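Asks: Sharing a structure here in structure tokens format.
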Amino acid sequence: MDAGRTELAFLYEVVEATIAAGATVVNIPETVGWTVPTEFGNLIKGIMENVPNVDDAIISVHCHNDLGLAVANSLIAIEQGARQVECTINGLGERAGNTSLEEVVMAIRTRRDYFSEYYTEINAKEIVPISRRVSRTMGISVQPNKAIVGANAFAHSSGIHQDGIIKSRVTFEIIDPKEIGWKESQLILSPRSGRNALRHRLSELGYEVDAEQLDKVYERFLKVADKKKAVQDADLEAIMSDEIRSIPAVYELDYIQIVSGTRIASTTTVGIRTEDGIVERASTGDGPVDAAFKAIGQVIDIQLNLIDYQIRSVTEGEDAIGEVSLKVQDNWEYHHGTRCQH
């Protein structure tokens, strides 16, 4: 125990006596995560050079991650002669955890050019499935930015990174996600995403847009992304549904303010963008919706009678896109409109 802080001469003596007693595997534990890679590598090298019967046993290492060096210490131990690494799925273990199996395995597989003399027989495609199973069983979530198995390990939200991934995956990924059990890389549409990433995702959803349409959709996309941070497919479907059936806007609702309560009359103030600029009007009514329509009616100078009003959530969450369907009557003619962001 605590080989990293043990007097070397004594450590060599103990390892030699243990092997002489018949041990075929001798574990060298870095119990408290004290050493840095160069130190731990020299420690293993010293054992290989100063224990006469070391070839009669396998030298194993057991590193802890108190300084975040467990994987690095394990890898340098392999270079210096260790042939077994004690590790855990997801790096679970005492205190800050132990050496992460998935990181050691993929370091050796990915950098075959560097670790050309070493290999493991781990089935890499089972890494992600077993990681999820261990997480569920232990009730310990994997941190999103955990290497190899974290939810963000193959997720890209930066516009520059997304553009690079679309053009060539290897631009920003050194591991094929399918190699370890992930389905594919993820492009997280966020306020930092660019037009190319948006066009790519729309194409996957079956929408082909030209440059002019993309500019309009991108403007809508950014408004949603600024509120939601991550835009889902349902959000894009809602945006595209509006764009496909949109007609030229004569008036645009620029802002709305509502005052309503159980013991006060509902009052709605609206700002309507017209050809002459923004016109503001306010009205009271039988509830905020009725007040809003009366205020809007003052601007557009058309008396509208609300026939039907329905609202539902299109996407999930408190910041969901909502769809509003309404019918209004003007001179006995029905008009229909839909969709808003709330």
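Quick note on naming: the chains in the structure tokens go A, B, ... in the order shown, residues restart at 1 in each chain, and ligands are numbered from 1 in order of appearance.
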Residues near A:Glu208, anyone? I mean within 12 Å using only C-alpha atoms, not counting same-chain ones fewer than 6 positions away, as a PyMOL selection string.

Replies: chain A and resi 198-202+214+217+240+244

Asks: Go ahead and save the residues from that selection, with N, CA and C atoms, as a JSON list (two decimals), in the first residue's frame.

Replies:
```json
[["chain", "number", "residue", "atom", "x", "y", "z"],
["A", 198, "LEU", "N", -27.08, 24.41, -39.07],
["A", 198, "LEU", "CA", -28.54, 24.46, -39.15],
["A", 198, "LEU", "C", -29.02, 23.86, -40.46],
["A", 199, "ARG", "N", -28.40, 24.23, -41.58],
["A", 199, "ARG", "CA", -28.79, 23.68, -42.88],
["A", 199, "ARG", "C", -28.63, 22.15, -42.87],
["A", 200, "HIS", "N", -27.53, 21.67, -42.28],
["A", 200, "HIS", "CA", -27.26, 20.23, -42.23],
["A", 200, "HIS", "C", -28.36, 19.50, -41.48],
["A", 201, "ARG", "N", -28.76, 20.05, -40.33],
["A", 201, "ARG", "CA", -29.79, 19.37, -39.54],
["A", 201, "ARG", "C", -31.15, 19.45, -40.23],
["A", 202, "LEU", "N", -31.45, 20.58, -40.85],
["A", 202, "LEU", "CA", -32.71, 20.70, -41.58],
["A", 202, "LEU", "C", -32.76, 19.70, -42.73],
["A", 214, "LEU", "N", -32.70, 30.25, -45.77],
["A", 214, "LEU", "CA", -31.85, 29.91, -44.63],
["A", 214, "LEU", "C", -31.61, 31.13, -43.75],
["A", 217, "VAL", "N", -34.79, 31.56, -41.68],
["A", 217, "VAL", "CA", -34.91, 30.49, -40.69],
["A", 217, "VAL", "C", -33.85, 30.67, -39.60],
["A", 240, "MET", "N", -39.95, 25.63, -39.17],
["A", 240, "MET", "CA", -40.13, 25.37, -40.60],
["A", 240, "MET", "C", -41.60, 25.35, -40.98],
["A", 244, "ILE", "N", -42.84, 27.66, -44.07],
["A", 244, "ILE", "CA", -43.42, 27.06, -45.27],
["A", 244, "ILE", "C", -44.76, 27.69, -45.63]]
```

Asks: If we count only C-alpha atoms and set the cut-off at 12 Å, which residues sit around A:Glu94, ignoring sequence neighbours fewer than 2 positions away in its own chain? Please answer as a list in words.

Replies: Thr31, Val32, Gly33, His62, Cys63, His64, Asn65, Asp66, Cys87, Thr88, Gly91, Leu92, Ala96, Gly97, Asn98 and Thr99 of chain A

Asks: Please provide as a PyMOL selection string all residues within 12 Å of A:Asn152, with the sequence filter that same-chain residues fewer than 2 positions apart are discarded (counting only C-alpha atoms).

Replies: chain A and resi 142-150+154-157+177+182+184-188

Asks: May I ask for the distance between atom CA of A:Ala70 and atom CA of A:Ile28, given in Å to one decimal place?

Replies: 13.0 Å
